[in-house]
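For reference, work29.cif is printed below; it contains mmCIF, C-alpha atoms.
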```cif
data_upload
loop_
_atom_site.label_atom_id
_atom_site.label_comp_id
_atom_site.auth_asym_id
_atom_site.auth_seq_id
_atom_site.Cartn_x
_atom_site.Cartn_y
_atom_site.Cartn_z
CA MET O 77 28.95 73.44 49.21
CA LYS O 78 30.28 69.96 49.98
CA VAL O 79 33.03 68.52 47.78
CA ILE O 80 33.01 64.70 47.78
CA ASP O 81 36.49 63.19 48.05
CA LYS O 82 35.84 60.00 46.08
CA LYS O 83 36.86 60.24 42.43
CA TYR O 84 35.04 58.23 39.77
CA ASP O 85 35.98 56.98 36.34
CA PHE O 86 32.49 57.78 35.05
CA ILE O 87 29.60 59.88 36.27
CA ILE O 88 26.43 59.13 34.30
CA TYR O 89 23.15 61.04 34.20
CA PRO O 90 20.23 60.20 34.33
CA ALA O 91 18.98 56.71 35.33
CA ASN O 92 16.89 56.20 32.22
CA LEU O 93 17.28 52.94 30.27
CA VAL O 94 20.38 54.14 28.39
CA GLY O 95 21.88 55.55 31.60
CA CYS O 96 21.29 52.35 33.57
CA VAL O 97 22.67 50.11 30.83
CA THR O 98 25.71 52.36 30.31
CA ALA O 99 26.42 52.48 34.05
CA ILE O 100 26.17 48.70 34.45
CA GLN O 101 28.28 48.09 31.35
CA LYS O 102 31.07 50.40 32.52
CA SER O 103 30.96 48.92 36.01
CA ASN O 104 31.23 45.41 34.56
CA GLU O 105 34.36 46.58 32.74
CA GLY O 106 35.92 47.43 36.10
CA ALA O 107 35.28 51.18 36.22
CA GLU O 108 34.16 53.14 39.28
CA VAL O 109 30.74 54.50 38.27
CA LEU O 110 28.29 56.94 39.85
CA LEU O 111 24.77 57.07 38.42
CA LEU O 112 22.74 60.22 39.10
CA ASN O 113 19.00 60.76 38.80
CA ASN O 114 16.60 63.55 39.65
CA TYR O 115 13.75 61.15 40.47
CA GLY O 116 13.79 58.56 43.24
CA PHE O 117 13.35 55.70 40.79
CA PRO O 118 14.99 54.65 37.50
CA GLY O 119 13.40 54.42 34.08
CA GLY O 120 13.48 57.92 32.65
CA GLU O 121 10.74 58.88 30.23
CA VAL O 122 9.36 55.33 30.13
CA THR O 123 8.39 55.72 33.79
CA HIS O 124 8.06 59.39 34.72
CA SER O 125 6.48 60.40 31.39
CA LEU O 126 4.68 57.07 30.84
CA CYS O 127 6.31 56.60 27.43
CA CYS O 128 5.40 52.92 27.80
CA ASN O 129 4.51 52.33 24.15
CA GLN O 130 7.66 50.79 22.69
CA PHE O 131 8.56 49.23 19.34
CA ILE O 132 10.78 46.21 19.95
CA ASN O 133 12.77 44.35 17.33
CA GLU O 134 14.33 41.56 19.36
CA GLU O 135 16.81 40.84 16.57
CA LEU O 136 18.33 44.28 17.22
CA LEU O 137 18.56 43.82 20.99
CA SER O 138 21.57 42.29 22.70
CA GLY O 139 23.64 42.34 25.87
CA ILE O 140 22.36 44.06 28.99
CA THR O 141 19.50 45.73 27.11
CA LEU O 142 18.11 42.38 25.89
CA LYS O 143 18.49 40.91 29.38
CA ILE O 144 16.50 43.78 30.90
CA TYR O 145 13.80 43.53 28.24
CA ASN O 146 13.41 39.78 28.81
CA GLN O 147 13.17 40.33 32.56
CA ILE O 148 10.37 42.88 32.03
CA VAL O 149 8.52 40.41 29.79
CA GLU O 150 8.86 37.67 32.41
CA GLU O 151 7.45 39.87 35.17
CA ARG O 152 3.82 39.24 36.04
CA HIS O 153 1.88 41.99 34.22
CA GLY O 154 5.20 43.22 32.80
CA LEU O 155 3.52 43.92 29.48
CA PHE O 156 0.07 45.46 29.18
CA TYR O 157 -0.03 44.91 25.41
CA LYS O 158 1.94 43.06 22.73
CA TYR O 159 1.25 42.74 19.04
CA GLN O 160 4.02 42.02 16.57
CA ASN O 161 6.79 44.55 17.41
CA GLN O 162 4.63 46.90 19.49
CA VAL O 163 4.43 46.57 23.28
CA VAL O 164 3.05 48.69 26.09
CA MET O 165 5.14 48.15 29.20
CA ASN O 166 4.07 48.33 32.81
CA PRO O 167 6.06 51.32 34.15
CA GLU O 168 6.23 49.73 37.60
CA SER O 169 7.82 46.60 36.13
CA VAL O 170 10.38 48.76 34.31
CA LYS O 171 11.26 50.53 37.58
CA TYR O 172 11.54 47.24 39.46
CA VAL O 173 13.70 45.43 36.88
CA LEU O 174 16.08 48.36 36.44
CA GLN O 175 16.40 48.85 40.20
CA GLN O 176 17.14 45.15 40.70
CA ASN O 177 19.86 45.19 38.03
CA LEU O 178 21.44 48.31 39.50
CA GLU O 179 21.45 46.85 43.00
CA ARG O 180 23.15 43.69 41.75
CA SER O 181 25.87 45.78 40.11
CA LYS O 182 28.67 47.76 41.75
CA VAL O 183 27.29 51.08 40.47
CA ASP O 184 27.00 53.81 43.11
CA LEU O 185 23.53 55.42 43.04
CA LEU O 186 22.66 59.00 43.93
CA PHE O 187 19.02 59.90 43.30
CA HIS O 188 16.95 63.02 44.05
CA VAL O 189 19.66 65.32 42.66
CA VAL O 190 19.63 67.92 39.88
CA PRO O 191 22.83 68.85 38.00
CA PHE O 192 23.24 72.61 37.54
CA LYS O 193 26.93 73.18 36.72
CA LEU O 194 29.76 71.38 34.93
CA LYS O 195 33.43 72.24 35.18
CA ASP O 196 36.22 70.81 33.02
CA GLY O 197 39.45 69.79 34.72
CA LYS O 198 42.85 68.59 33.54
CA VAL O 199 42.33 65.11 34.97
CA PHE O 200 38.96 65.14 36.70
CA ASN O 201 35.77 66.96 35.72
CA GLN O 202 33.33 68.30 38.28
CA ILE O 203 29.55 68.17 38.35
CA HIS O 204 27.64 70.37 40.79
CA LEU O 205 24.36 68.99 42.10
CA SER O 206 21.41 70.46 43.91
CA ALA O 207 20.38 67.98 46.62
CA LYS O 208 18.41 67.86 49.85
CA GLU O 209 21.71 68.29 51.69
CA GLY O 210 22.55 71.41 49.68
CA GLU O 211 25.14 71.73 46.91
CA LEU O 212 27.24 68.61 46.27
CA VAL O 213 30.28 68.42 44.01
CA TYR O 214 31.44 65.11 42.50
CA SER O 215 34.43 64.44 40.25
CA ALA O 216 35.10 61.95 37.45
CA LYS O 217 37.45 61.39 34.54
CA LYS O 218 34.46 61.31 32.19
CA ILE O 219 30.89 62.55 32.51
CA ILE O 220 28.26 61.00 30.24
CA ASP O 221 24.94 62.62 29.38
CA CYS O 222 22.38 59.91 28.58
CA SER O 223 19.35 62.19 28.81
CA GLU O 224 16.70 62.54 26.13
CA ASN O 225 16.59 66.30 26.66
CA PHE O 226 20.37 66.99 26.55
CA SER O 227 20.35 68.18 30.17
CA LEU O 228 24.11 68.22 30.68
CA MET O 229 24.80 69.49 27.18
CA LYS O 230 22.63 72.49 27.98
CA LEU O 231 24.90 73.24 30.95
CA LEU O 232 27.83 73.34 28.49
CA GLY O 233 26.03 76.01 26.48
CA ILE O 234 25.05 73.68 23.64
CA LYS O 235 21.73 74.74 22.13
CA ARG O 236 18.77 72.41 21.95
CA GLU O 237 15.41 72.85 20.23
CA LEU O 238 12.05 71.56 21.42
CA ILE O 239 10.32 69.90 18.47
CA LYS O 240 7.53 67.86 20.06
CA ALA O 241 5.62 67.34 23.31
CA ASN O 242 3.19 64.65 24.48
CA PHE O 243 1.25 63.95 27.64
CA ASN O 244 0.64 60.25 28.28
CA LEU O 245 -2.00 58.58 30.43
CA PHE O 246 -3.93 55.40 31.12
CA VAL O 247 -7.71 55.34 30.68
CA SER O 248 -10.25 52.86 32.05
CA LYS O 249 -14.02 52.45 31.95
CA SER O 250 -15.89 54.06 34.80
CA GLY O 251 -18.14 51.27 36.05
CA ASN O 252 -21.65 50.37 34.95
CA ASN O 253 -22.15 53.53 32.93
CA GLY O 254 -19.51 52.56 30.41
CA PHE O 255 -19.17 48.83 30.99
CA ASN O 256 -20.60 47.80 27.63
CA ILE O 257 -18.98 50.60 25.65
CA ASP O 258 -16.03 49.55 23.50
CA LEU O 259 -13.91 52.71 23.39
CA SER O 260 -11.59 51.16 20.83
CA ARG O 261 -14.48 51.29 18.33
CA ASP O 262 -15.57 54.80 19.26
CA GLU O 263 -14.21 56.96 16.45
CA GLU O 264 -14.90 60.14 18.43
CA VAL O 265 -12.67 58.96 21.27
CA ILE O 266 -9.86 57.66 19.06
CA ASN O 267 -9.93 60.68 16.76
CA HIS O 268 -10.35 63.30 19.46
CA LYS O 269 -8.43 66.44 18.46
CA ALA O 270 -5.85 65.97 21.24
CA VAL O 271 -5.22 62.23 20.73
CA GLU O 272 -2.07 61.21 18.88
CA LYS O 273 -1.92 57.51 19.85
CA PHE O 274 -4.55 55.20 21.34
CA VAL O 275 -3.81 51.58 22.30
CA GLN O 276 -6.26 49.11 23.85
CA LEU O 277 -4.50 46.97 26.47
CA PHE O 278 -5.00 43.32 27.47
CA ASP O 279 -7.01 44.32 30.55
CA LEU O 280 -9.36 46.52 28.45
CA ARG O 281 -7.78 49.72 29.66
CA PHE O 282 -6.17 52.13 27.20
CA TRP O 283 -2.81 53.84 26.86
CA VAL O 284 -3.30 57.27 25.33
CA SER O 285 -0.85 59.90 24.16
CA LEU O 286 -2.09 63.48 23.85
CA ASN O 287 -0.33 65.91 21.54
CA ILE O 288 0.67 69.17 23.26
CA PRO O 289 1.20 72.17 20.94
CA ILE O 290 4.62 73.76 21.39
CA GLU O 291 3.81 77.16 19.92
CA SER O 292 3.59 78.70 23.39
CA GLN O 293 6.62 79.37 25.59
CA GLU O 294 8.22 76.18 26.90
CA LEU O 295 8.07 77.57 30.42
CA PHE O 296 4.27 77.24 30.31
CA LEU O 297 4.15 73.87 28.53
CA GLU O 298 2.99 71.97 31.62
CA ASN O 299 0.14 74.46 32.07
CA GLU O 300 -0.92 73.87 28.48
CA ALA O 301 -0.73 70.10 29.00
CA GLN O 302 -2.96 70.37 32.09
CA LYS O 303 -5.59 72.33 30.15
CA ILE O 304 -5.67 69.72 27.38
CA LEU O 305 -5.79 66.90 29.93
CA ASN O 306 -8.72 68.53 31.76
CA ASP O 307 -10.62 68.94 28.51
CA TYR O 308 -9.97 65.33 27.51
CA GLU O 309 -10.91 64.04 30.96
CA ILE O 310 -14.29 65.79 30.82
CA TYR O 311 -14.81 64.37 27.34
CA LEU O 312 -14.03 60.84 28.53
CA LEU O 313 -16.58 61.07 31.32
CA THR O 314 -19.30 61.67 28.73
CA LYS O 315 -18.20 58.40 27.08
CA GLY O 316 -18.33 56.32 30.25
CA ALA O 317 -14.59 56.30 30.82
CA ARG O 318 -12.14 57.98 33.18
CA VAL O 319 -8.47 58.89 33.46
CA GLN O 320 -6.85 56.31 35.73
CA LEU O 321 -3.17 57.30 35.73
CA ILE O 322 -1.34 60.35 34.43
CA ALA O 323 2.34 61.03 33.82
CA PRO O 324 4.21 63.11 36.41
CA GLN O 325 5.55 65.23 33.58
CA THR O 326 5.13 65.89 29.88
CA TYR O 327 7.44 64.10 27.46
CA ARG O 328 9.52 66.57 25.48
CA LEU O 329 11.45 65.71 22.34
CA TYR O 330 14.48 67.87 21.56
CA LYS O 331 17.08 67.99 18.84
CA SER O 332 20.62 69.29 19.06
CA GLU O 333 22.70 69.96 15.98
CA THR O 334 26.12 69.86 17.66
CA LEU O 335 27.36 67.42 20.28
CA PRO O 336 30.84 66.80 21.71
CA ASP O 337 32.80 63.89 20.29
CA PHE O 338 32.87 60.63 22.23
CA ASN O 339 36.55 61.26 23.06
CA GLU O 340 35.74 64.46 24.94
CA ASP O 341 35.71 64.33 28.75
CA ILE O 342 32.02 65.27 28.79
CA PHE O 343 29.87 63.83 26.00
CA HIS O 344 26.37 62.67 25.08
CA THR O 345 25.63 59.06 24.13
CA ASN O 346 23.92 60.25 20.93
CA SER O 347 27.43 61.03 19.61
CA LEU O 348 27.90 57.25 19.33
CA ILE O 349 25.04 56.64 16.89
CA ASN O 350 24.19 58.17 13.53
CA GLU O 351 20.42 57.81 13.73
CA ASN O 352 17.79 59.87 15.53
CA PHE O 353 15.44 57.75 17.62
CA GLY O 354 12.11 58.70 19.13
CA ILE O 355 11.31 57.61 22.66
CA GLU O 356 9.24 54.68 21.32
CA HIS O 357 12.51 53.08 20.07
CA ASN O 358 14.23 53.44 23.43
CA PHE O 359 15.30 49.80 23.73
CA ILE O 360 16.70 49.67 20.21
CA LYS O 361 18.62 52.89 20.86
CA SER O 362 19.95 51.54 24.16
CA SER O 363 21.19 48.34 22.53
CA LEU O 364 22.96 50.23 19.72
CA ILE O 365 24.67 52.56 22.21
CA GLU O 366 25.69 49.59 24.35
CA LYS O 367 27.22 47.90 21.31
CA ALA O 368 29.02 51.10 20.23
CA LEU O 369 30.52 51.59 23.70
CA LYS O 370 31.77 48.01 23.69
CA GLU O 371 33.36 48.49 20.27
CA LYS O 372 35.13 51.65 21.49
CA VAL O 373 36.59 49.69 24.41
CA ASN O 374 37.78 46.90 22.11
CA GLN O 375 39.40 49.45 19.78
CA ASN O 376 41.28 51.02 22.69
CA VAL O 377 42.49 47.60 23.85
CA LYS O 378 43.88 46.86 20.39
#
```

So that I can check it, write out the structure of this file as structure tokens.
Amino acid sequence: MKVIDKKYDFIIYPANLVGCVTAIQKSNEGAEVLLLNNYGFPGGEVTHSLCCNQFINEELLSGITLKIYNQIVEERHGLFYKYQNQVVMNPESVKYVLQQNLERSKVDLLFHVVPFKLKDGKVFNQIHLSAKEGELVYSAKKIIDCSENFSLMKLLGIKRELIKANFNLFVSKSGNNGFNIDLSRDEEVINHKAVEKFVQLFDLRFWVSLNIPIESQELFLENEAQKILNDYEIYLLTKGARVQLIAPQTYRLYKSETLPDFNEDIFHTNSLINENFGIEHNFIKSSLIEKALKEKVNQNVK
């Protein structure tokens, strides 16, 4: 075990949109911030679970969140689809824009780590991480859980419940065999038993979300997702299409009835907002949390 000497004002996990925005915001306020992530790239579920289908109300976006959204829009091929308030984002553009914003900030980054233990302290709190180097221990005055799955809250013993699971992918036509087939008009493809959402993109590919039943044990959820994916992939081949890109992991939606108050040393950002948001409203949620954090700072100054 290696205990790191440097003490932080905030340790934030993970580097999803909310985590990145919160880290940058706190750093801009003058705090020493460490941002943790288990993947080697930022973006959270939008990138590693391909939850690219987002509903954007630009009137509700502001601050760092709005800046990041505009930068994604300005990227070449940043959006694969846009109609009214619905967009499908390019996950690579999301990674790139978030990484660029983090690198321009003073936030310390530590990726490829998995938190497995939290310890309250009188002044500083400790988080224990599993890393390539072994066990690392970092300390901060406050630790913020920005995860969609309440990862750090689970370490505190707070119960969470899995209520939904989806496996997301991109589909394209498979050459001459399916070149003249319009999958968006094929009711059998759109209404396949596993399909929950089906969006035709600008480049004639498709973003598809498959519903994964959660009746089985959560431990075997990825196995169940793979079975459904295999079945859908075979079905697509008969329609002249193929799976082009799949998510590294299934998206899982949890709920938690009890969360620590914002004033606690270890808390979840959901304690700042009164609404429950699905992953498709990730940017709206991020902007509301950003605004709430700013209001808390202003209240403390007064």

Expanded to explicit residues, what is the PyMOL selection byres ((chain O and resi 213) around 6) for this file, as a list in words? Val79, Ile80, Ile203, His204, Leu212 and Tyr214 of chain O

Expected file contents, prior selection, C-alpha atoms, as a PDB file, in the coordinates of the input:
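Just written: out.pdb:
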```
ATOM      1  CA  VAL O  79      33.030  68.520  47.780  1.00  0.00           C
ATOM      2  CA  ILE O  80      33.010  64.700  47.780  1.00  0.00           C
ATOM      3  CA  ILE O 203      29.550  68.170  38.350  1.00  0.00           C
ATOM      4  CA  HIS O 204      27.640  70.370  40.790  1.00  0.00           C
ATOM      5  CA  LEU O 212      27.240  68.610  46.270  1.00  0.00           C
ATOM      6  CA  TYR O 214      31.440  65.110  42.500  1.00  0.00           C
TER       7      TYR O 214
END
```

Name every residue that the PyMOL selection byres ((chain O and resi 184) around 7) selects in this structure, writing the answer as number ranges by chain with chains first and numbers rising. O: 109-111, 182-183, 185-186

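Once Asn339 (chain O) and its same-chain neighbours fewer than 5 positions away are set aside, Lys218, Ser347 and Lys372 of chain O remain within 10 Å of it when counting all atoms listed in the file.
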
Using C-alpha atoms, can you export the residues from the last selection as a PDB file, in the coordinates of the input?
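Below you can see selection.pdb, which holds the result:
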```pdb
ATOM      1  CA  LYS O 218      34.460  61.310  32.190  1.00  0.00           C
ATOM      2  CA  SER O 347      27.430  61.030  19.610  1.00  0.00           C
ATOM      3  CA  LYS O 372      35.130  51.650  21.490  1.00  0.00           C
TER       4      LYS O 372
END
```

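Nearest residue to Glu105 (chain O) among O:Ile239, O:Leu232, O:Ile304, O:Val373 is O:Val373, counting all atoms listed in the file.
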
Expansion of the PyMOL selection byres ((chain O and resi 108) around 8) into residues, as a list in words: Tyr84, Asp85, Phe86, Lys102, Ser103, Gly106, Ala107, Val109, Leu110 and Val183 of chain O

Centre and edge lengths, as JSON, for the axis-aligned box enclosing every listed atom of region 322-334 of chain O with 3 Å of padding on each of the six sides, in Å to one decimal?
```
{"center_x": 12.4, "center_y": 65.2, "center_z": 26.2, "size_x": 33.5, "size_y": 15.6, "size_z": 26.4}
```

Within 9 Å of (20.1, 53.0, 19.6), all atoms listed in the file: residues as a list in words? Val94, Asn346, Leu348, Ile349, Asn350, Glu351, Asn352, Phe353, His357, Asn358, Phe359, Ile360, Lys361, Ser362, Ser363, Leu364, Ile365, Glu366 and Lys367 of chain O

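When only C-alpha atoms are used to measure the gap to Leu297 (chain O), the shortest distance among O:Lys315, O:His268, O:Lys331, O:Lys240 belongs to O:Lys240.
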
Give me region 201-212 of chain O with all heavy atoms filled in, as an mmCIF file, in the coordinates of the input.
```
data_model
loop_
_atom_site.group_PDB
_atom_site.id
_atom_site.type_symbol
_atom_site.label_atom_id
_atom_site.label_comp_id
_atom_site.auth_asym_id
_atom_site.auth_seq_id
_atom_site.Cartn_x
_atom_site.Cartn_y
_atom_site.Cartn_z
ATOM 1 N N ASN O 201 36.809 65.974 35.998
ATOM 2 C CA ASN O 201 35.770 66.960 35.720
ATOM 3 C C ASN O 201 34.801 66.987 36.888
ATOM 4 O O ASN O 201 34.545 65.961 37.516
ATOM 5 C CB ASN O 201 35.037 66.614 34.430
ATOM 6 C CG ASN O 201 35.994 66.400 33.279
ATOM 7 O OD1 ASN O 201 36.509 67.349 32.707
ATOM 8 N ND2 ASN O 201 36.266 65.136 32.948
ATOM 9 N N GLN O 202 34.239 68.148 37.153
ATOM 10 C CA GLN O 202 33.330 68.300 38.280
ATOM 11 C C GLN O 202 31.898 68.517 37.821
ATOM 12 O O GLN O 202 31.656 69.190 36.814
ATOM 13 C CB GLN O 202 33.749 69.477 39.167
ATOM 14 C CG GLN O 202 35.023 69.250 39.946
ATOM 15 C CD GLN O 202 35.307 70.385 40.911
ATOM 16 O OE1 GLN O 202 34.899 71.530 40.696
ATOM 17 N NE2 GLN O 202 36.022 70.079 41.998
ATOM 18 N N ILE O 203 30.971 67.928 38.575
ATOM 19 C CA ILE O 203 29.550 68.170 38.350
ATOM 20 C C ILE O 203 28.950 68.659 39.669
ATOM 21 O O ILE O 203 29.160 68.045 40.721
ATOM 22 C CB ILE O 203 28.833 66.903 37.826
ATOM 23 C CG1 ILE O 203 27.375 67.202 37.508
ATOM 24 C CG2 ILE O 203 28.965 65.723 38.777
ATOM 25 C CD1 ILE O 203 26.698 66.109 36.679
ATOM 26 N N HIS O 204 28.263 69.778 39.607
ATOM 27 C CA HIS O 204 27.640 70.370 40.790
ATOM 28 C C HIS O 204 26.167 69.982 40.807
ATOM 29 O O HIS O 204 25.458 70.131 39.805
ATOM 30 C CB HIS O 204 27.778 71.894 40.763
ATOM 31 C CG HIS O 204 29.197 72.367 40.896
ATOM 32 N ND1 HIS O 204 29.628 73.130 41.964
ATOM 33 C CD2 HIS O 204 30.288 72.183 40.103
ATOM 34 C CE1 HIS O 204 30.923 73.404 41.818
ATOM 35 N NE2 HIS O 204 31.345 72.841 40.689
ATOM 36 N N LEU O 205 25.713 69.508 41.961
ATOM 37 C CA LEU O 205 24.360 68.990 42.100
ATOM 38 C C LEU O 205 23.590 69.724 43.174
ATOM 39 O O LEU O 205 24.143 70.063 44.230
ATOM 40 C CB LEU O 205 24.401 67.502 42.464
ATOM 41 C CG LEU O 205 25.271 66.591 41.598
ATOM 42 C CD1 LEU O 205 25.401 65.223 42.237
ATOM 43 C CD2 LEU O 205 24.701 66.475 40.192
ATOM 44 N N SER O 206 22.327 69.957 42.890
ATOM 45 C CA SER O 206 21.410 70.460 43.910
ATOM 46 C C SER O 206 20.737 69.258 44.554
ATOM 47 O O SER O 206 20.103 68.453 43.885
ATOM 48 C CB SER O 206 20.363 71.378 43.281
ATOM 49 O OG SER O 206 19.435 71.799 44.246
ATOM 50 N N ALA O 207 20.904 69.124 45.884
ATOM 51 C CA ALA O 207 20.380 67.980 46.620
ATOM 52 C C ALA O 207 19.702 68.449 47.890
ATOM 53 O O ALA O 207 19.761 69.624 48.259
ATOM 54 C CB ALA O 207 21.504 66.993 46.934
ATOM 55 N N LYS O 208 19.057 67.520 48.581
ATOM 56 C CA LYS O 208 18.410 67.860 49.850
ATOM 57 C C LYS O 208 19.420 68.377 50.851
ATOM 58 O O LYS O 208 19.103 69.220 51.700
ATOM 59 C CB LYS O 208 17.692 66.626 50.414
ATOM 60 C CG LYS O 208 16.489 66.162 49.602
ATOM 61 C CD LYS O 208 15.820 64.967 50.243
ATOM 62 C CE LYS O 208 16.691 63.740 50.164
ATOM 63 N NZ LYS O 208 16.008 62.525 50.704
ATOM 64 N N GLU O 209 20.670 67.887 50.756
ATOM 65 C CA GLU O 209 21.710 68.290 51.690
ATOM 66 C C GLU O 209 22.344 69.631 51.328
ATOM 67 O O GLU O 209 23.179 70.149 52.054
ATOM 68 C CB GLU O 209 22.821 67.226 51.728
ATOM 69 C CG GLU O 209 22.345 65.827 52.085
ATOM 70 C CD GLU O 209 21.866 65.037 50.880
ATOM 71 O OE1 GLU O 209 21.627 65.656 49.822
ATOM 72 O OE2 GLU O 209 21.699 63.818 50.996
ATOM 73 N N GLY O 210 21.942 70.182 50.177
ATOM 74 C CA GLY O 210 22.550 71.410 49.680
ATOM 75 C C GLY O 210 23.308 71.135 48.396
ATOM 76 O O GLY O 210 22.981 70.204 47.653
ATOM 77 N N GLU O 211 24.358 71.905 48.123
ATOM 78 C CA GLU O 211 25.140 71.730 46.910
ATOM 79 C C GLU O 211 26.217 70.664 47.132
ATOM 80 O O GLU O 211 27.008 70.735 48.079
ATOM 81 C CB GLU O 211 25.807 73.047 46.505
ATOM 82 C CG GLU O 211 26.623 72.944 45.223
ATOM 83 C CD GLU O 211 27.267 74.257 44.820
ATOM 84 O OE1 GLU O 211 26.908 75.303 45.422
ATOM 85 O OE2 GLU O 211 28.124 74.238 43.912
ATOM 86 N N LEU O 212 26.236 69.674 46.237
ATOM 87 C CA LEU O 212 27.240 68.610 46.270
ATOM 88 C C LEU O 212 28.084 68.680 45.019
ATOM 89 O O LEU O 212 27.570 68.975 43.924
ATOM 90 C CB LEU O 212 26.573 67.236 46.364
ATOM 91 C CG LEU O 212 25.608 66.998 47.530
ATOM 92 C CD1 LEU O 212 24.983 65.607 47.408
ATOM 93 C CD2 LEU O 212 26.326 67.134 48.867
#
```
